[in-house]
file run_32.pdb (PDB, C-alpha atoms, pLDDT in the B column)
ATOM      1  CA  ASP E   1      41.495   4.637  16.314  1.00 69.00           C
ATOM      2  CA  THR E   2      38.664   6.990  15.296  1.00 72.00           C
ATOM      3  CA  ALA E   3      39.232   8.370  11.800  1.00 93.00           C
ATOM      4  CA  VAL E   4      37.632  11.809  12.245  1.00 97.00           C
ATOM      5  CA  SER E   5      36.985  12.895  15.801  1.00 96.00           C
ATOM      6  CA  GLN E   6      35.312  16.092  16.923  1.00 96.00           C
ATOM      7  CA  THR E   7      34.691  17.532  20.368  1.00 96.00           C
ATOM      8  CA  PRO E   8      32.505  18.299  22.116  1.00 97.00           C
ATOM      9  CA  LYS E   9      29.662  16.028  21.019  1.00 96.00           C
ATOM     10  CA  TYR E  10      27.090  18.215  22.741  1.00 97.00           C
ATOM     11  CA  LEU E  11      27.265  21.921  23.527  1.00 96.00           C
ATOM     12  CA  VAL E  12      24.540  23.959  25.217  1.00 97.00           C
ATOM     13  CA  THR E  13      25.164  27.668  25.664  1.00 97.00           C
ATOM     14  CA  GLN E  14      23.524  31.071  25.959  1.00 97.00           C
ATOM     15  CA  MET E  15      23.040  33.604  23.175  1.00 97.00           C
ATOM     16  CA  GLY E  16      25.977  35.961  22.852  1.00 97.00           C
ATOM     17  CA  ASN E  17      28.586  33.507  24.104  1.00 97.00           C
ATOM     18  CA  ASP E  18      31.672  32.390  22.157  1.00 97.00           C
ATOM     19  CA  LYS E  19      32.361  28.681  21.672  1.00 97.00           C
ATOM     20  CA  SER E  20      34.740  26.399  19.790  1.00 97.00           C
ATOM     21  CA  ILE E  21      34.468  22.944  18.249  1.00 98.00           C
ATOM     22  CA  LYS E  22      37.615  20.949  17.555  1.00 97.00           C
ATOM     23  CA  CYS E  23      38.226  18.380  14.825  1.00 98.00           C
ATOM     24  CA  GLU E  24      41.101  16.007  14.175  1.00 97.00           C
ATOM     25  CA  GLN E  25      41.622  13.360  11.490  1.00 97.00           C
ATOM     26  CA  ASN E  26      44.191  10.570  11.506  1.00 96.00           C
ATOM     27  CA  LEU E  27      43.632   9.445   7.916  1.00 94.00           C
ATOM     28  CA  GLY E  28      46.483  11.446   6.425  1.00 93.00           C
ATOM     29  CA  HIS E  29      43.979  13.380   4.297  1.00 93.00           C
ATOM     30  CA  ASP E  30      44.895  16.758   2.823  1.00 91.00           C
ATOM     31  CA  THR E  31      41.438  18.334   2.864  1.00 92.00           C
ATOM     32  CA  MET E  32      39.051  19.060   5.728  1.00 94.00           C
ATOM     33  CA  TYR E  33      35.558  20.530   5.833  1.00 94.00           C
ATOM     34  CA  TRP E  34      32.917  21.929   8.132  1.00 95.00           C
ATOM     35  CA  TYR E  35      29.269  21.195   7.297  1.00 95.00           C
ATOM     36  CA  LYS E  36      26.184  22.467   9.143  1.00 95.00           C
ATOM     37  CA  GLN E  37      23.077  20.259   9.386  1.00 95.00           C
ATOM     38  CA  ASP E  38      19.939  22.128  10.410  1.00 90.00           C
ATOM     39  CA  SER E  39      16.722  20.818  11.953  1.00 84.00           C
ATOM     40  CA  LYS E  40      15.438  19.832   8.507  1.00 81.00           C
ATOM     41  CA  LYS E  41      18.531  17.629   8.027  1.00 82.00           C
ATOM     42  CA  PHE E  42      19.892  19.808   5.233  1.00 86.00           C
ATOM     43  CA  LEU E  43      23.688  19.314   5.198  1.00 91.00           C
ATOM     44  CA  LYS E  44      25.351  22.512   3.989  1.00 91.00           C
ATOM     45  CA  ILE E  45      29.049  23.194   3.343  1.00 90.00           C
ATOM     46  CA  MET E  46      30.550  26.023   5.394  1.00 93.00           C
ATOM     47  CA  PHE E  47      34.324  25.848   4.910  1.00 90.00           C
ATOM     48  CA  SER E  48      36.970  23.745   3.253  1.00 90.00           C
ATOM     49  CA  TYR E  49      40.710  23.726   3.951  1.00 91.00           C
ATOM     50  CA  ASN E  50      43.438  22.051   1.948  1.00 88.00           C
ATOM     51  CA  ASN E  51      46.828  21.646   3.624  1.00 88.00           C
ATOM     52  CA  LYS E  52      45.952  24.373   6.158  1.00 86.00           C
ATOM     53  CA  GLU E  53      44.849  26.820   3.458  1.00 87.00           C
ATOM     54  CA  LEU E  54      41.255  28.042   3.166  1.00 87.00           C
ATOM     55  CA  ILE E  55      39.813  27.091  -0.231  1.00 81.00           C
ATOM     56  CA  ILE E  56      36.063  27.449   0.276  1.00 77.00           C
ATOM     57  CA  ASN E  57      34.057  29.901   2.378  1.00 78.00           C
ATOM     58  CA  GLU E  58      30.395  29.542   1.537  1.00 78.00           C
ATOM     59  CA  THR E  59      28.719  32.770   2.568  1.00 78.00           C
ATOM     60  CA  VAL E  60      29.096  32.116   6.255  1.00 88.00           C
ATOM     61  CA  PRO E  61      28.814  35.056   8.716  1.00 91.00           C
ATOM     62  CA  ASN E  62      32.196  36.282   9.879  1.00 91.00           C
ATOM     63  CA  ARG E  63      31.206  35.308  13.430  1.00 95.00           C
ATOM     64  CA  PHE E  64      32.396  31.860  12.306  1.00 95.00           C
ATOM     65  CA  SER E  65      36.160  31.591  12.114  1.00 94.00           C
ATOM     66  CA  PRO E  66      37.827  28.326  11.144  1.00 94.00           C
ATOM     67  CA  LYS E  67      41.443  27.667  12.032  1.00 94.00           C
ATOM     68  CA  SER E  68      43.715  24.924  10.741  1.00 94.00           C
ATOM     69  CA  PRO E  69      46.992  24.706  12.716  1.00 93.00           C
ATOM     70  CA  ASP E  70      48.057  21.722  10.589  1.00 93.00           C
ATOM     71  CA  LYS E  71      46.461  19.559   7.953  1.00 91.00           C
ATOM     72  CA  ALA E  72      45.183  17.062  10.541  1.00 95.00           C
ATOM     73  CA  HIS E  73      43.200  19.652  12.501  1.00 96.00           C
ATOM     74  CA  LEU E  74      40.392  22.042  11.625  1.00 96.00           C
ATOM     75  CA  ASN E  75      38.741  23.915  14.475  1.00 97.00           C
ATOM     76  CA  LEU E  76      35.657  26.122  14.350  1.00 97.00           C
ATOM     77  CA  HIS E  77      35.246  29.139  16.585  1.00 97.00           C
ATOM     78  CA  ILE E  78      31.893  30.913  16.783  1.00 96.00           C
ATOM     79  CA  ASN E  79      31.534  34.391  18.285  1.00 96.00           C
ATOM     80  CA  SER E  80      28.361  36.026  19.606  1.00 97.00           C
ATOM     81  CA  LEU E  81      26.221  32.918  19.228  1.00 97.00           C
ATOM     82  CA  GLU E  82      22.663  33.370  17.915  1.00 96.00           C
ATOM     83  CA  LEU E  83      19.584  31.158  18.188  1.00 96.00           C
ATOM     84  CA  GLY E  84      19.861  30.308  14.483  1.00 94.00           C
ATOM     85  CA  ASP E  85      23.281  28.790  15.052  1.00 96.00           C
ATOM     86  CA  SER E  86      21.644  25.826  16.763  1.00 96.00           C
ATOM     87  CA  ALA E  87      22.422  22.820  14.560  1.00 96.00           C
ATOM     88  CA  VAL E  88      24.655  19.786  14.269  1.00 97.00           C
ATOM     89  CA  TYR E  89      28.092  20.667  12.943  1.00 97.00           C
ATOM     90  CA  PHE E  90      29.944  17.933  11.073  1.00 97.00           C
ATOM     91  CA  CYS E  91      33.630  17.897  10.395  1.00 97.00           C
ATOM     92  CA  ALA E  92      34.791  15.810   7.425  1.00 96.00           C
ATOM     93  CA  SER E  93      37.973  15.024   5.540  1.00 95.00           C
ATOM     94  CA  SER E  94      38.932  13.717   2.095  1.00 92.00           C
ATOM     95  CA  GLN E  95      42.099  12.628   0.319  1.00 88.00           C
ATOM     96  CA  ASP E  96      42.350  15.856  -1.643  1.00 79.00           C
ATOM     97  CA  PRO E  97      40.118  18.775  -2.693  1.00 75.00           C
ATOM     98  CA  GLY E  98      39.119  16.983  -5.858  1.00 70.00           C
ATOM     99  CA  THR E  99      40.656  19.464  -8.251  1.00 64.00           C
ATOM    100  CA  THR E 100      41.463  16.698 -10.699  1.00 59.00           C
ATOM    101  CA  PHE E 101      39.332  13.947 -12.136  1.00 54.00           C
ATOM    102  CA  SER E 102      40.796  11.609  -9.587  1.00 56.00           C
ATOM    103  CA  GLY E 103      38.090   9.259  -8.508  1.00 66.00           C
ATOM    104  CA  ALA E 104      35.555   9.306  -5.744  1.00 71.00           C
ATOM    105  CA  ASN E 105      37.461  11.399  -3.180  1.00 80.00           C
ATOM    106  CA  VAL E 106      34.995  10.210  -0.548  1.00 90.00           C
ATOM    107  CA  LEU E 107      34.202  12.325   2.487  1.00 93.00           C
ATOM    108  CA  THR E 108      34.709  10.750   5.902  1.00 95.00           C
ATOM    109  CA  PHE E 109      32.593  12.467   8.529  1.00 96.00           C
ATOM    110  CA  GLY E 110      33.038  12.904  12.238  1.00 96.00           C
ATOM    111  CA  ALA E 111      30.197  11.986  14.605  1.00 95.00           C
ATOM    112  CA  GLY E 112      28.902  15.552  14.755  1.00 96.00           C
ATOM    113  CA  SER E 113      28.681  18.239  17.429  1.00 97.00           C
ATOM    114  CA  ARG E 114      25.156  19.237  18.444  1.00 97.00           C
ATOM    115  CA  LEU E 115      25.097  22.918  19.357  1.00 97.00           C
ATOM    116  CA  THR E 116      22.063  24.299  21.190  1.00 97.00           C
ATOM    117  CA  VAL E 117      21.854  28.047  21.729  1.00 97.00           C
ATOM    118  CA  LEU E 118      19.336  29.176  24.370  1.00 96.00           C
TER     119      LEU E 118
ATOM    120  CA  GLY C   1      25.693  25.824  -7.662  1.00 50.00           C
ATOM    121  CA  GLN C   2      23.325  22.899  -7.798  1.00 64.00           C
ATOM    122  CA  ASN C   3      19.627  22.267  -7.404  1.00 86.00           C
ATOM    123  CA  ILE C   4      19.202  18.772  -5.940  1.00 93.00           C
ATOM    124  CA  ASP C   5      15.787  17.228  -5.413  1.00 95.00           C
ATOM    125  CA  GLN C   6      14.837  13.988  -3.695  1.00 96.00           C
ATOM    126  CA  PRO C   7      11.663  12.797  -1.933  1.00 97.00           C
ATOM    127  CA  THR C   8      11.405  13.758   1.716  1.00 95.00           C
ATOM    128  CA  GLU C   9      10.190  10.427   3.024  1.00 97.00           C
ATOM    129  CA  MET C  10       9.526   6.879   1.832  1.00 98.00           C
ATOM    130  CA  THR C  11       8.239   3.765   3.543  1.00 97.00           C
ATOM    131  CA  ALA C  12       8.788   0.142   2.564  1.00 97.00           C
ATOM    132  CA  THR C  13       8.373  -3.360   3.913  1.00 97.00           C
ATOM    133  CA  GLU C  14      11.149  -5.593   5.188  1.00 97.00           C
ATOM    134  CA  GLY C  15      12.377  -7.861   2.371  1.00 97.00           C
ATOM    135  CA  ALA C  16      11.106  -5.570  -0.373  1.00 97.00           C
ATOM    136  CA  ILE C  17      12.941  -3.407  -2.917  1.00 98.00           C
ATOM    137  CA  VAL C  18      12.905   0.388  -2.795  1.00 98.00           C
ATOM    138  CA  GLN C  19      14.172   2.977  -5.267  1.00 98.00           C
ATOM    139  CA  ILE C  20      15.128   6.459  -4.066  1.00 98.00           C
ATOM    140  CA  ASN C  21      15.343   9.037  -6.842  1.00 98.00           C
ATOM    141  CA  CYS C  22      17.513  12.120  -7.068  1.00 98.00           C
ATOM    142  CA  THR C  23      17.389  14.802  -9.755  1.00 97.00           C
ATOM    143  CA  TYR C  24      19.891  17.593 -10.071  1.00 95.00           C
ATOM    144  CA  GLN C  25      20.747  20.639 -12.159  1.00 91.00           C
ATOM    145  CA  THR C  26      24.348  21.681 -12.290  1.00 84.00           C
ATOM    146  CA  SER C  27      27.229  22.811 -14.500  1.00 78.00           C
ATOM    147  CA  GLY C  28      30.679  21.231 -14.373  1.00 80.00           C
ATOM    148  CA  PHE C  29      29.306  17.921 -13.087  1.00 85.00           C
ATOM    149  CA  ASN C  30      32.015  15.678 -11.678  1.00 84.00           C
ATOM    150  CA  GLY C  31      30.314  12.879  -9.792  1.00 89.00           C
ATOM    151  CA  LEU C  32      27.305  11.904  -7.733  1.00 93.00           C
ATOM    152  CA  PHE C  33      27.419  10.282  -4.318  1.00 94.00           C
ATOM    153  CA  TRP C  34      24.953   8.512  -2.086  1.00 97.00           C
ATOM    154  CA  TYR C  35      25.456   8.590   1.668  1.00 97.00           C
ATOM    155  CA  GLN C  36      23.495   6.862   4.426  1.00 97.00           C
ATOM    156  CA  GLN C  37      22.822   8.631   7.708  1.00 96.00           C
ATOM    157  CA  HIS C  38      21.237   6.885  10.688  1.00 96.00           C
ATOM    158  CA  ALA C  39      19.523   9.129  13.218  1.00 93.00           C
ATOM    159  CA  GLY C  40      22.040  10.889  15.439  1.00 90.00           C
ATOM    160  CA  GLU C  41      25.027   9.570  13.507  1.00 93.00           C
ATOM    161  CA  ALA C  42      27.456  10.721  10.829  1.00 94.00           C
ATOM    162  CA  PRO C  43      26.753  10.240   7.118  1.00 95.00           C
ATOM    163  CA  THR C  44      28.613   7.250   5.690  1.00 96.00           C
ATOM    164  CA  PHE C  45      29.536   6.684   2.054  1.00 95.00           C
ATOM    165  CA  LEU C  46      27.467   4.202   0.029  1.00 96.00           C
ATOM    166  CA  SER C  47      28.204   4.714  -3.653  1.00 94.00           C
ATOM    167  CA  TYR C  48      29.732   6.918  -6.334  1.00 93.00           C
ATOM    168  CA  ASN C  49      28.773   7.387  -9.986  1.00 93.00           C
ATOM    169  CA  VAL C  50      30.591   9.571 -12.476  1.00 89.00           C
ATOM    170  CA  LEU C  51      29.727   7.763 -15.731  1.00 92.00           C
ATOM    171  CA  ASP C  52      26.279   6.736 -16.942  1.00 96.00           C
ATOM    172  CA  GLY C  53      25.035   3.361 -15.855  1.00 96.00           C
ATOM    173  CA  LEU C  54      24.533   1.120 -12.879  1.00 96.00           C
ATOM    174  CA  GLU C  55      27.026   0.492 -10.070  1.00 93.00           C
ATOM    175  CA  GLU C  56      26.197  -2.543  -7.954  1.00 93.00           C
ATOM    176  CA  LYS C  57      27.508  -3.142  -4.473  1.00 90.00           C
ATOM    177  CA  GLY C  58      25.819  -6.002  -2.642  1.00 94.00           C
ATOM    178  CA  ARG C  59      22.219  -5.140  -1.763  1.00 96.00           C
ATOM    179  CA  PHE C  60      22.714  -1.540  -2.890  1.00 97.00           C
ATOM    180  CA  SER C  61      22.937  -0.269  -6.478  1.00 97.00           C
ATOM    181  CA  SER C  62      23.163   3.256  -7.837  1.00 97.00           C
ATOM    182  CA  PHE C  63      22.308   4.477 -11.317  1.00 98.00           C
ATOM    183  CA  LEU C  64      23.266   7.677 -13.115  1.00 97.00           C
ATOM    184  CA  SER C  65      22.043   9.401 -16.266  1.00 97.00           C
ATOM    185  CA  ARG C  66      24.056  12.577 -16.813  1.00 94.00           C
ATOM    186  CA  SER C  67      21.971  13.733 -19.774  1.00 94.00           C
ATOM    187  CA  LYS C  68      18.811  13.571 -17.648  1.00 96.00           C
ATOM    188  CA  GLY C  69      20.392  14.877 -14.457  1.00 95.00           C
ATOM    189  CA  TYR C  70      19.017  11.828 -12.685  1.00 96.00           C
ATOM    190  CA  SER C  71      20.210   9.166 -10.288  1.00 98.00           C
ATOM    191  CA  TYR C  72      18.585   6.524  -8.163  1.00 98.00           C
ATOM    192  CA  LEU C  73      19.644   4.354  -5.255  1.00 98.00           C
ATOM    193  CA  LEU C  74      18.160   0.856  -5.271  1.00 98.00           C
ATOM    194  CA  LEU C  75      18.001  -1.093  -2.038  1.00 98.00           C
ATOM    195  CA  LYS C  76      17.154  -4.790  -2.260  1.00 97.00           C
ATOM    196  CA  GLU C  77      16.096  -7.294   0.417  1.00 97.00           C
ATOM    197  CA  LEU C  78      15.345  -4.471   2.806  1.00 98.00           C
ATOM    198  CA  GLN C  79      16.241  -4.947   6.450  1.00 97.00           C
ATOM    199  CA  MET C  80      15.030  -3.004   9.476  1.00 97.00           C
ATOM    200  CA  LYS C  81      18.532  -1.576   9.887  1.00 97.00           C
ATOM    201  CA  ASP C  82      18.176   0.131   6.482  1.00 98.00           C
ATOM    202  CA  SER C  83      15.827   2.659   8.120  1.00 98.00           C
ATOM    203  CA  ALA C  84      17.872   5.834   7.746  1.00 97.00           C
ATOM    204  CA  SER C  85      18.189   9.016   5.753  1.00 97.00           C
ATOM    205  CA  TYR C  86      19.730   8.664   2.279  1.00 98.00           C
ATOM    206  CA  LEU C  87      21.582  11.715   1.012  1.00 97.00           C
ATOM    207  CA  CYS C  88      22.268  12.423  -2.637  1.00 96.00           C
ATOM    208  CA  ALA C  89      25.327  14.662  -3.165  1.00 94.00           C
ATOM    209  CA  VAL C  90      26.603  16.184  -6.388  1.00 92.00           C
ATOM    210  CA  ARG C  91      30.187  17.246  -6.941  1.00 88.00           C
ATOM    211  CA  ASP C  92      30.639  20.388  -8.966  1.00 79.00           C
ATOM    212  CA  ARG C  93      33.228  23.089  -9.392  1.00 68.00           C
ATOM    213  CA  GLY C  94      32.943  25.620  -6.600  1.00 55.00           C
ATOM    214  CA  GLY C  95      34.977  28.350  -4.963  1.00 49.00           C
ATOM    215  CA  SER C  96      37.743  30.519  -6.292  1.00 46.00           C
ATOM    216  CA  GLY C  97      40.237  27.677  -5.854  1.00 47.00           C
ATOM    217  CA  GLY C  98      38.432  25.568  -8.410  1.00 48.00           C
ATOM    218  CA  SER C  99      37.808  22.763  -5.958  1.00 55.00           C
ATOM    219  CA  TYR C 100      35.088  20.187  -6.401  1.00 75.00           C
ATOM    220  CA  ILE C 101      32.951  20.345  -3.277  1.00 80.00           C
ATOM    221  CA  PRO C 102      30.073  17.892  -2.791  1.00 85.00           C
ATOM    222  CA  THR C 103      26.707  19.609  -2.304  1.00 87.00           C
ATOM    223  CA  PHE C 104      24.046  17.581  -0.534  1.00 92.00           C
ATOM    224  CA  GLY C 105      20.348  17.277  -1.162  1.00 92.00           C
ATOM    225  CA  ARG C 106      17.947  17.374   1.780  1.00 92.00           C
ATOM    226  CA  GLY C 107      17.922  13.601   2.103  1.00 95.00           C
ATOM    227  CA  THR C 108      15.193  10.963   1.914  1.00 97.00           C
ATOM    228  CA  SER C 109      14.072   9.452   5.196  1.00 97.00           C
ATOM    229  CA  LEU C 110      13.409   5.743   4.607  1.00 98.00           C
ATOM    230  CA  ILE C 111      11.271   3.872   7.091  1.00 98.00           C
ATOM    231  CA  VAL C 112      11.351   0.079   6.846  1.00 98.00           C
ATOM    232  CA  HIS C 113       8.536  -1.691   8.671  1.00 96.00           C
ATOM    233  CA  PRO C 114       7.992  -5.396   9.350  1.00 94.00           C
TER     234      PRO C 114
END

call {"tool": "encode", "arguments": {"input": "run_32.pdb", "output": "structure tokens"}}
result
Amino acid sequence: DTAVSQTPKYLVTQMGNDKSIKCEQNLGHDTMYWYKQDSKKFLKIMFSYNNKELIINETVPNRFSPKSPDKAHLNLHINSLELGDSAVYFCASSQDPGTTFSGANVLTFGAGSRLTVL
Amino acid sequence: GQNIDQPTEMTATEGAIVQINCTYQTSGFNGLFWYQQHAGEAPTFLSYNVLDGLEEKGRFSSFLSRSKGYSYLLLKELQMKDSASYLCAVRDRGGSGGSYIPTFGRGTSLIVHP
């Protein structure tokens, strides 16, 4: 009955490899996000999708490719991993993208996926 | 974009009151959030302010002054379990789609000791 679930929770891999993180939400939300949290705990937006359509891409290298097969899923594929990609990646969802003055539109986060690149 | 500033770390005693400040600079302001994040866990929503004033929710209260670009989170009757990082996030217009995406500050690590 987890609201936002992401897998895997931990991922250790070598530089240059390609890896994917999956995310699913069962809240019926329209909007999903990927955030990156670095070692200094700074939580930074990477991508946002609304109803499977990309609406935000915040200056992320094109080695990162999000894919949303339906509005309940947002996966993140990373090519040619680099040391600097090591971080915790959080998936989140919200009712809508907040384009109207429609209240809190709270983010619900997944438990995070800790990626370590060696 | 936004410029969000909050103290890196604070310490307080169990049973006490602590105030965590957040200042921000932004255009198109549309709400300020506080989230709590325990070590190794996901951030969880605490409070939301979009109009000036104080929002109270049990032991936690949050205040907003839009003209000053300032908010604080007030935690009363501190408990050991309140030791966590507290993240201030500002919602602003961002992206070509005109969506309001919350941008997070670096968080304040609160340590509650006996």

call {"tool": "resolve_selection", "arguments": {"input": "run_32.pdb", "expression": "the PyMOL selection byres ((chain C and resi 81-87) around 9)", "output": "ChimeraX atom specification"}}
result
/E:41,43 /C:6,9,11,20,33-39,43,73,75,78-80,88-89,104-113

call {"tool": "atom_distance", "arguments": {"input": "run_32.pdb", "atom1": "CA of Cys91 in chain E", "atom2": "CA of Ala42 in chain C"}}
result
9.5 Å

call {"tool": "interface_residues", "arguments": {"input": "run_32.pdb", "of": "chain E", "to": "chain C", "cutoff": "10 Å", "atoms": "only C-alpha atoms", "output": "PDB file with C-alpha atoms, in the frame of the given file"}}
result
ATOM      1  CA  TYR E  33      35.558  20.530   5.833  1.00 94.00           C
ATOM      2  CA  GLN E  37      23.077  20.259   9.386  1.00 95.00           C
ATOM      3  CA  LYS E  40      15.438  19.832   8.507  1.00 81.00           C
ATOM      4  CA  LYS E  41      18.531  17.629   8.027  1.00 82.00           C
ATOM      5  CA  PHE E  42      19.892  19.808   5.233  1.00 86.00           C
ATOM      6  CA  LEU E  43      23.688  19.314   5.198  1.00 91.00           C
ATOM      7  CA  LYS E  44      25.351  22.512   3.989  1.00 91.00           C
ATOM      8  CA  ILE E  45      29.049  23.194   3.343  1.00 90.00           C
ATOM      9  CA  PHE E  47      34.324  25.848   4.910  1.00 90.00           C
ATOM     10  CA  SER E  48      36.970  23.745   3.253  1.00 90.00           C
ATOM     11  CA  ASN E  50      43.438  22.051   1.948  1.00 88.00           C
ATOM     12  CA  LEU E  54      41.255  28.042   3.166  1.00 87.00           C
ATOM     13  CA  ILE E  55      39.813  27.091  -0.231  1.00 81.00           C
ATOM     14  CA  ILE E  56      36.063  27.449   0.276  1.00 77.00           C
ATOM     15  CA  ASN E  57      34.057  29.901   2.378  1.00 78.00           C
ATOM     16  CA  GLU E  58      30.395  29.542   1.537  1.00 78.00           C
ATOM     17  CA  VAL E  88      24.655  19.786  14.269  1.00 97.00           C
ATOM     18  CA  PHE E  90      29.944  17.933  11.073  1.00 97.00           C
ATOM     19  CA  CYS E  91      33.630  17.897  10.395  1.00 97.00           C
ATOM     20  CA  ALA E  92      34.791  15.810   7.425  1.00 96.00           C
ATOM     21  CA  ASP E  96      42.350  15.856  -1.643  1.00 79.00           C
ATOM     22  CA  PRO E  97      40.118  18.775  -2.693  1.00 75.00           C
ATOM     23  CA  GLY E  98      39.119  16.983  -5.858  1.00 70.00           C
ATOM     24  CA  THR E  99      40.656  19.464  -8.251  1.00 64.00           C
ATOM     25  CA  THR E 100      41.463  16.698 -10.699  1.00 59.00           C
ATOM     26  CA  PHE E 101      39.332  13.947 -12.136  1.00 54.00           C
ATOM     27  CA  SER E 102      40.796  11.609  -9.587  1.00 56.00           C
ATOM     28  CA  GLY E 103      38.090   9.259  -8.508  1.00 66.00           C
ATOM     29  CA  ALA E 104      35.555   9.306  -5.744  1.00 71.00           C
ATOM     30  CA  ASN E 105      37.461  11.399  -3.180  1.00 80.00           C
ATOM     31  CA  VAL E 106      34.995  10.210  -0.548  1.00 90.00           C
ATOM     32  CA  LEU E 107      34.202  12.325   2.487  1.00 93.00           C
ATOM     33  CA  THR E 108      34.709  10.750   5.902  1.00 95.00           C
ATOM     34  CA  PHE E 109      32.593  12.467   8.529  1.00 96.00           C
ATOM     35  CA  GLY E 110      33.038  12.904  12.238  1.00 96.00           C
ATOM     36  CA  ALA E 111      30.197  11.986  14.605  1.00 95.00           C
ATOM     37  CA  GLY E 112      28.902  15.552  14.755  1.00 96.00           C
ATOM     38  CA  ARG E 114      25.156  19.237  18.444  1.00 97.00           C
TER      39      ARG E 114
END

call {"tool": "resolve_selection", "arguments": {"input": "run_32.pdb", "expression": "the PyMOL selection byres ((chain C and resi 52-55) around 10)", "output": "list in words"}}
result
Ser47, Tyr48, Asn49, Val50, Leu51, Glu56, Lys57, Gly58, Phe60, Ser61, Ser62, Phe63, Leu64, Ser65, Arg66, Ser67, Tyr70, Ser71, Tyr72, Leu73 and Leu74 of chain C

call {"tool": "closest_residue", "arguments": {"input": "run_32.pdb", "among": "C:Arg59, C:Gly28, C:Glu77, C:Gly69", "to": "Asp5 in chain C", "atoms": "only C-alpha atoms"}}
result
C:Gly69

call {"tool": "closest_residue", "arguments": {"input": "run_32.pdb", "among": "C:Thr26, C:Lys68, C:Val18, C:Pro114", "to": "Asn3 in chain C", "atoms": "all atoms listed in the file"}}
result
C:Thr26

call {"tool": "atom_distance", "arguments": {"input": "run_32.pdb", "atom1": "CA of His73 in chain E", "atom2": "CA of Gln25 in chain E"}}
result
6.6 Å

call {"tool": "atom_distance", "arguments": {"input": "run_32.pdb", "atom1": "CA of Arg63 in chain E", "atom2": "CA of Asp30 in chain E"}}
result
25.4 Å

call {"tool": "resolve_selection", "arguments": {"input": "run_32.pdb", "expression": "the PyMOL selection byres ((chain E and resi 19-24) around 6)", "output": "ChimeraX atom specification"}}
result
/E:4-7,18,25,72-78

call {"tool": "closest_residue", "arguments": {"input": "run_32.pdb", "among": "E:Pro8, E:Gly84, E:Pro69, E:Gly16", "to": "Tyr49 in chain E", "atoms": "all atoms listed in the file"}}
result
E:Pro69
